[in-house]
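Below: one structure, written as structure tokens.
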Amino acid sequence: MTKIGANIKKIRTARGLSQQSFGELFDLTRGNISSYEESRAEPRLETSLRIANYFSIPLEHFISRSLTVNEILQFKGDKLIDEERTILHLQLRPVPFLNENIYMKCSYQEMRFTDFSLFPQLVLPETTTNALLAVAYQPAIPHHSSLEGYQVRDLLVFEEVTRQNVHLCQHKTGLFTAENEIFLGRYEQAEKEFFLVLNDFSKQVFDWAGGGKFWRKMAVYRHEAT
């Protein structure tokens with residue numbers, strides 16, 4: 001069980017917001033907010049990200065900790081009192097988000113897995129200057145057997161592999177995207193060749209000049225159902 005519902009109620013109290021006015025900030029209804037606060041439902045992960053970002057609260061704190069009113073006020077107060085410091089330490093950026101709907105459209109070739117500019121976006125912490133891609137995990141995406149522990153709607157955040165970070169990829173989780181192909185694999189090296197391995201029969205040879213993009217896992221935000 002997460003702390004999202006209780007924290008939403010505390011945020012509303014600290015900010016003097018009704019359920020209706022709080023919901024309107026995030027395109028939600030009063031009924032949605034009531035359900036969250038009473039633990040009858042939980043917001044989608046992307047909604048939780050929006051709420052946490054809006055109030056400058058670290059996502060992990062918002063999901064898993066029972067925040068105090070003082071903590072909630074301090075998070076926002078830091079931004080108002082010293083905006084430059086906040087920008088430096090809590091810099092955010094929009095990141096293309098491959099959710100279930102986008103995956104289905106790409107699978108039926110209504111879109112391409114490389115149409116990143118057409119994907120919806122999540123706002124995530126700025127942790128690198130390289131390209132980022134967020135993926136909602138789902139079993140339908142071809143994946144390496146080592147990834148069976150992920151749950152539906154876990155959010156995987158990937159950084160594009162470059163010459164500067166490729167040395168960090170060995171034995172790590174990775175993602176390959178091409179126009180009509182996507183899979184989650186594990187990076188392996190054999191002699192001078194580098195592979196993203198899907199299984200014993202399928203792997204993608206790493207090629208800087210190839211038509212696809214290689215990504216390495218940067219972070220995971222796990223979804224907890226009620």
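Letters A, B, ... mark the chains of the structure tokens in the order given; residue numbers begin at 1 per chain; ligand numbers begin at 1, in order shown.
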Polymer residues at most 8 Å from Leu132 of chain A, only C-alpha atoms, same-chain spacing of 6 or more positions, as a ChimeraX atom specification: /A:95-96,157-160
Grab the residues selected above and save them as a PDB file, in the first residue's frame with N, CA and C atoms.
```pdb
ATOM      1  N   VAL A  95       9.987  14.166 -21.024  1.00  0.00           N
ATOM      2  CA  VAL A  95      10.574  12.936 -21.565  1.00  0.00           C
ATOM      3  C   VAL A  95       9.502  12.174 -22.337  1.00  0.00           C
ATOM      4  N   PRO A  96       9.783  11.737 -23.577  1.00  0.00           N
ATOM      5  CA  PRO A  96       8.808  10.932 -24.320  1.00  0.00           C
ATOM      6  C   PRO A  96       8.419   9.694 -23.521  1.00  0.00           C
ATOM      7  N   VAL A 157      12.936   4.091 -16.971  1.00  0.00           N
ATOM      8  CA  VAL A 157      13.493   5.283 -17.611  1.00  0.00           C
ATOM      9  C   VAL A 157      14.850   4.918 -18.204  1.00  0.00           C
ATOM     10  N   PHE A 158      15.016   5.202 -19.493  1.00  0.00           N
ATOM     11  CA  PHE A 158      16.227   4.830 -20.217  1.00  0.00           C
ATOM     12  C   PHE A 158      16.967   6.062 -20.725  1.00  0.00           C
ATOM     13  N   GLU A 159      18.296   5.942 -20.743  1.00  0.00           N
ATOM     14  CA  GLU A 159      19.174   6.960 -21.312  1.00  0.00           C
ATOM     15  C   GLU A 159      19.773   6.414 -22.602  1.00  0.00           C
ATOM     16  N   GLU A 160      19.861   7.246 -23.640  1.00  0.00           N
ATOM     17  CA  GLU A 160      20.464   6.802 -24.891  1.00  0.00           C
ATOM     18  C   GLU A 160      21.931   6.447 -24.666  1.00  0.00           C
TER      19      GLU A 160
END
```
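Distances from A:Gln170, A:Tyr54, A:Arg163, A:Ser34 to Gln20 of chain A were compared using only C-alpha atoms, and the smallest one belongs to A:Ser34.
Using only C-alpha atoms, the shortest contact distance between Tyr150 of chain A and any of A:Thr29, A:Thr129, A:Gln138, A:Asn180 is found at A:Gln138.
If you look at atom CA of Asn99 of chain A and atom CA of Val135 of chain A, they are 6.1 Å away from each other.
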Measuring between only C-alpha atoms, which one of A:Asn7, A:Glu100, A:Gly31, A:Phe214 shows the shortest distance to Ile72 of chain A? A:Asn7
Near-Val220 of chain A list (8 Å; only C-alpha atoms; drop same-chain fewer than 4 positions) as a ChimeraX atom specification: /A:154-157
Quick one: write out the picked residues with N, CA and C atoms as an mmCIF file, in the first residue's frame?
```
data_model
loop_
_atom_site.group_PDB
_atom_site.id
_atom_site.type_symbol
_atom_site.label_atom_id
_atom_site.label_comp_id
_atom_site.auth_asym_id
_atom_site.auth_seq_id
_atom_site.Cartn_x
_atom_site.Cartn_y
_atom_site.Cartn_z
ATOM 1 N N ASP A 154 4.973 -0.630 -14.143
ATOM 2 C CA ASP A 154 6.238 -0.119 -13.628
ATOM 3 C C ASP A 154 6.819 0.804 -14.695
ATOM 4 N N LEU A 155 7.419 1.890 -14.269
ATOM 5 C CA LEU A 155 7.957 2.863 -15.211
ATOM 6 C C LEU A 155 9.471 2.706 -15.293
ATOM 7 N N LEU A 156 9.971 2.377 -16.482
ATOM 8 C CA LEU A 156 11.403 2.231 -16.715
ATOM 9 C C LEU A 156 11.893 3.463 -17.467
ATOM 10 N N VAL A 157 12.936 4.091 -16.971
ATOM 11 C CA VAL A 157 13.493 5.283 -17.611
ATOM 12 C C VAL A 157 14.850 4.918 -18.204
#
```
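Of the residues listed (A:His61, A:Arg44, A:Arg186, A:Arg30), A:Arg186 shows the shortest atom-to-atom separation from Ser145 of chain A; distances use only C-alpha atoms.
Going from atom CA of Arg12 of chain A to atom CA of Thr68 of chain A covers 12.1 Å.
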Excluding Leu67 of chain A and residues on its chain fewer than 2 positions from it, collect all residues at most 10 Å away from it, counting only C-alpha atoms, and give them as a PyMOL selection string. chain A and resi 3-4+6-8+10-11+57+61-65+69-72
Identify, on the basis of only C-alpha atoms, every residue whose closest approach to Leu124 of chain A does not exceed 10 Å; exclude the query and any residue fewer than 5 positions from it along the same chain; express the result as a PyMOL selection string. chain A and resi 49-50+53+59+90-95+132+134+157
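Checking A:Glu191, A:Arg112, A:Tyr137, A:Arg216 one by one against Lys172 of chain A, counting only C-alpha atoms, you find the shortest gap at A:Arg216.
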